[in-house]
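**Q** The structure follows.
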There are 2 protein chains.
Amino acid sequence: MPSEFDLIRRFFTRLPRHALLGVGDDGALLAPTAGCELVVSADMLVEGTHFLPDTDPEALGWKTLAVNLSDIAAMGALPRWALLAAVLPAPARCVPAGTFDWLEAFARGFFACATAFDVDLVGGDTTRGPRAFCVTILGEAPAGQALRRSGAQPGDSIWVSGRPGRAALGLAHLQGRVVLAEPQLSACLAALHRPQPRVALGLALRGLAHAAIDVSDGLLADLGHILDASGCAAHLSIPGLPPPGIERDCFLAGGDDYELVFTAPAEVDDEVMRLGQTLPLALTRIGEIVTGAAGSFILQDAEAQAIVVTRCGFDHFQN
Amino acid sequence: MPSEFDLIRRFFTRLPRHALLGVGDDGALLAPTAGCELVVSADMLVEGTHFLPDTDPEALGWKTLAVNLSDIAAMGALPRWALLAAVLPAPARCVPAGTFDWLEAFARGFFACATAFDVDLVGGDTTRGPRAFCVTILGEAPAGQALRRSGAQPGDSIWVSGRPGRAALGLAHLQGRVVLAEPQLSACLAALHRPQPRVALGLALRGLAHAAIDVSDGLLADLGHILDASGCAAHLSIPGLPPPGIERDCFLAGGDDYELVFTAPAEVDDEVMRLGQTLPLALTRIGEIVTGAAGSFILQDAEAQAIVVTRCGFDHFQN
């Protein structure tokens with residue numbers, strides 16, 4: 001049976017492109033870019049909480065890195081380095097080969113994402129226990145230019161990228177709570193299994209947006225974090241808001257999409273629209289920042305009637 | 001019941017001293033020191049593998065950070081920032097208060113260590129599942145000065161700090177496999193529960209040592225990593241090597257001590273001895289680097305008889 005070190009070498013060691021020293025010492029050695037600040041974030045994915053035991057390991061490998069890249073994107077930074085700590089169950093004695101297939105597929109998905117976004121895996125840890133993964137991601141942004149949650153100002157337009165709620169809708173379909181037809185089904189399953197971190201958008205928003213966050217807990221919950229941090233309120237009027245029902249719930253409160261919500265001065269509305277065409281990526285203006293009780297919403301539906309909004313998102317310790 | 005965000009705020013938010021932005025955004029924002037390289041490492045501690053369910057949470061909080069500081073120490077870097085991703089079980093419905101007591105004690109131990117070594121907690125994640133902690137640690141070293149495993153050269157003296165094996169011996173006592181008397185018992189339990197990362201030693205070894213590693217898997221196993229990476233062998237003659245038995249086994253192969261093993265040119269033997277007196281910290285010369293099959297050992301006992309050595313360490317996927 002191969003040792004821990006064999007496993008790491010076999011599946012998780014690739015020559016780093018941007019590191020002085022990668023996997024294999026007590027720490028990785030990195031040369032930060034002069035004039036840049038570091039953006040650092042860590043996320044844990046736990047079996048049973050974030051993914052199911054029968055999740056396709058290759059898709060999971062992609063997603064494990066992608067959700068972390070999304071945090072770097074939301075800060076307007078360029079992702080550069082990642083560390084992966086993996087907790088893996090002991091292989092069943094009768095099917096040891098299967099475990100390594102699983103790990104190999106996971107590594108394939110993880111590195112597909114790393115290659116697509118030019119990120120080096122520079123370190124980590126492997127240990128035995130209930131399956132879980134912790135990724136630390138490091139990115140860089142020119143000093144003073146990173147996007148924060150706290151910069152939203154009254155008068156800002158509020159924008160969202162892509163179509164939030166697709167991942168939650170795809171999950172609802174898999175759980176039999178809704179039946180989706182093509183092509184919506186494929187789009188929703190892709191959003192669930194292969195989220196695309198909006199790195200290019202985040203970089204383009206530097207100097208343009210006042211505040212940004214990624215949608216991991218749900219559109220309203222994450223916009224709420226911007227409002228809390230910025231001390232203001234939002235008046236929402238969302239084009240194409242689905243009628244009341246599961247699709248609206250997913251749009252407003254479904255997590256796991258990793259789109260970006262951001263605010264930018266109304267004067268640059270046209271510039272944001274053009275950016276959407278350039279990327280290309282759907283960017284939808286969903287409302288504006290207003291003065292008011294910090295963190296509060298008014299949401300108008302298609303008939304211009306104000307409707308009540310609860311900030312339902314996903315909170316691991318409330319569910 | 002408090003939410004995830006309440007818990008994080010209550011126990012894990014302290015104003016960072018060295019960060020532009022700490023906990024509370026998509027990522028932390030750090031200003032690297034000009035002319036320095038970054039050292040980054042991540043380690044996972046899993047209940048049942050690295051600690052027992054009844055472990056004192058305050059000691060565990062200390063140790064969770066300390067073992068990561070040890071990696072930075074082994075690279076000769078100054079630890080500066082940490083991230084903590086915590087997986088915590090759902091509280092039993094009948095004793096919800098206990099969970100928060102546990103978490104509060106863990107945070108107390110974690111921050112005691114962070115304060116002792118002037119490290120900022122700048123981010124992390126909290127999620128529900130089988131208890132585990134993943135710490136990412138970031139440190140800095142002047143460009144080109146970090147210590148690596150690969151720099152050992154024939155003729156180097158091999159040194160170890162402190163007294164390896166104490167943690168393993170303390171664990172053996174707790175498990176009833178040996179009975180220790182005072183004052184050895186207290187020293188061994190302290191090594192097990194409150195390991196002291198050798199940060200000051202690591203910093204002092206810059207420009208002095210050729211190679212360094214921390215003893216997390218066992219003295220011989222970790223020295224073996226230096227030998228493998230440096231392509232050389234070792235001739236060991238260890239002052240005060242215990243006679244064959246559990247104490248010798250713990251000394252040679254017990255992990256979890258977080259002492260440093262390092263090699264330095266024989267010409268600076270006196271300087272290393274003086275360093276030990278200055279710190280103060282026991283530094284013992286245990287042999288020398290020789291040419292030979294990469295990774296191989298010769299160990300001489302007190303009667304100058306060569307004895308066979310197996311590189312038994314701790315490998316999570318071999319046990």
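All residue names refer to the structure tokens as shown: chains lettered A, B, ... in order, residues numbered from 1 in each chain, ligands numbered from 1 in order.
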List the spatial neighbours of Gly162 (chain B) as JSON, numbers by chain - criterion: any atom at most 9 Å away, only C-alpha atoms, same-chain residues fewer than 3 positions off excluded.

**A** {"B": [259, 260, 281, 282, 283, 284]}

**Q** May I have the residues within 7 Å of Asp26 (chain A) as a list in words, using only C-alpha atoms and disregarding those fewer than 5 positions away in the same chain?

**A**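 The filter keeps Ser41, Asp71, Ala74, Met75 and Ile213 of chain B.
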
**Q** Neighbours of region 244-253 of chain B within 7 Å (only C-alpha atoms; same-chain residues fewer than 6 positions away dropped), as a list of chain:residue names?

**A**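 The neighbour list is B:Pro164, B:Gly165, B:Ala168, B:Leu169, B:Gly218, B:Leu219, B:Leu220, B:Ala221, B:Cys312, B:Gly313.
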
**Q** Between CA of Asp222 (chain A) and CA of Arg166 (chain A), what distance in Å does the model show, to one decimal?

**A**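 Separating CA of Asp222 (chain A) from CA of Arg166 (chain A) is a distance of 15.9 Å.
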
**Q** From the set B:Gly124, B:Pro16, B:Gly35, B:Pro79, which residue has the shortest atom-to-atom contact distance to chain A, counting only C-alpha atoms?

**A** B:Gly124

**Q** Measuring atom to atom with only C-alpha atoms, identify which of B:Ala116, B:Ala229, B:Leu174, B:Ala152 is nearest to chain A.

**A** B:Ala229

**Q** Within 12 Å of Pro183 (chain B), counting only C-alpha atoms, which residues show up once you throw out same-chain ones fewer than 6 positions away? Write them as a PDB file with N, CA and C atoms, in the first residue's frame, please.

**A**
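Result went into selection-v2.pdb, see below:
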```pdb
ATOM      1  N   GLY B 170       4.951  11.206  27.112  1.00  0.00           N
ATOM      2  CA  GLY B 170       3.800  11.689  27.872  1.00  0.00           C
ATOM      3  C   GLY B 170       2.522  10.987  27.450  1.00  0.00           C
ATOM      4  N   LEU B 189       4.274  15.905  29.770  1.00  0.00           N
ATOM      5  CA  LEU B 189       2.899  16.349  29.513  1.00  0.00           C
ATOM      6  C   LEU B 189       2.882  17.759  28.933  1.00  0.00           C
ATOM      7  N   ALA B 190       3.812  18.604  29.396  1.00  0.00           N
ATOM      8  CA  ALA B 190       3.892  19.954  28.832  1.00  0.00           C
ATOM      9  C   ALA B 190       4.279  19.884  27.353  1.00  0.00           C
TER      10      ALA B 190
END
```

**Q** Do you know which residues are at most 9 Å from Arg285 (chain A) counting only C-alpha atoms, after dropping those on the same chain fewer than 2 positions away, and could you put them as a VMD selection string?

**A** chain A and resid 157 to 160 237 to 239 269 273 283 287 to 288

**Q** If we count only C-alpha atoms, what is near Pro195 (chain B) at a cut-off of 7 Å, once residues fewer than 5 positions away on the same chain are taken out, given as a VMD selection string?

**A** chain B and resid 63 66 190 257 to 258

**Q** Would you save the residues of that selection, restricted to N, CA, C and O atoms, as a short mmCIF file (atom, residue, chain, number, x, y, z; two decimals), in the first residue's frame?

**A**
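Generated file (result_1.cif):
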```cif
data_model
loop_
_atom_site.label_atom_id
_atom_site.label_comp_id
_atom_site.auth_asym_id
_atom_site.auth_seq_id
_atom_site.Cartn_x
_atom_site.Cartn_y
_atom_site.Cartn_z
N LYS B 63 -2.12 24.22 20.90
CA LYS B 63 -1.34 23.29 20.07
C LYS B 63 -1.68 23.45 18.59
O LYS B 63 -0.80 23.33 17.72
N ALA B 66 0.37 26.23 17.56
CA ALA B 66 1.80 26.01 17.82
C ALA B 66 2.44 25.10 16.78
O ALA B 66 3.56 25.34 16.33
N ALA B 190 3.81 18.60 29.40
CA ALA B 190 3.89 19.95 28.83
C ALA B 190 4.28 19.88 27.35
O ALA B 190 3.72 20.61 26.52
N ASP B 257 6.74 16.57 18.83
CA ASP B 257 7.53 17.37 19.76
C ASP B 257 7.75 18.80 19.31
O ASP B 257 7.86 19.71 20.12
N TYR B 258 7.91 18.93 17.97
CA TYR B 258 8.10 20.27 17.39
C TYR B 258 9.40 20.93 17.84
O TYR B 258 9.50 22.15 17.92
#
```

**Q** List the spatial neighbours of region 125-130 of chain A as a ChimeraX atom specification - criterion: any atom at most 6 Å away, only C-alpha atoms, same-chain residues fewer than 4 positions off excluded.

**A** /A:85-89 /B:43,316

**Q** Store the residues of this selection in a file with C-alpha atoms, as a short mmCIF file (atom, residue, chain, number, x, y, z; two decimals), in the first residue's frame.

**A**
```
data_model
loop_
_atom_site.label_atom_id
_atom_site.label_comp_id
_atom_site.auth_asym_id
_atom_site.auth_seq_id
_atom_site.Cartn_x
_atom_site.Cartn_y
_atom_site.Cartn_z
CA ALA A 85 -5.29 20.08 3.27
CA ALA A 86 -7.19 16.84 2.68
CA VAL A 87 -8.78 14.55 5.24
CA LEU A 88 -9.39 11.18 3.64
CA PRO A 89 -11.06 8.09 5.07
CA ASP B 43 -1.90 21.74 8.69
CA HIS B 316 -1.04 8.75 8.52
#
```

**Q** Take CA of Leu227 (chain B) and CA of Ala294 (chain B) and report the distance between them in Å, one decimal.

**A**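 Spanning CA of Leu227 (chain B) to CA of Ala294 (chain B) is a straight-line distance of 6.0 Å.
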
**Q** If you run DSSP on the backbone, which residues of region 171-218 of chain B are strand (DSSP E or B), as JSON, numbers by chain?

**A** {"B": [211, 212, 213, 214]}

**Q** I'd like to know which of A:His235, A:Arg149, A:His225, A:Arg108 is closest to Ala28 (chain B), using only C-alpha atoms.

**A**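 Closest residue, counting only C-alpha atoms: A:Arg149.
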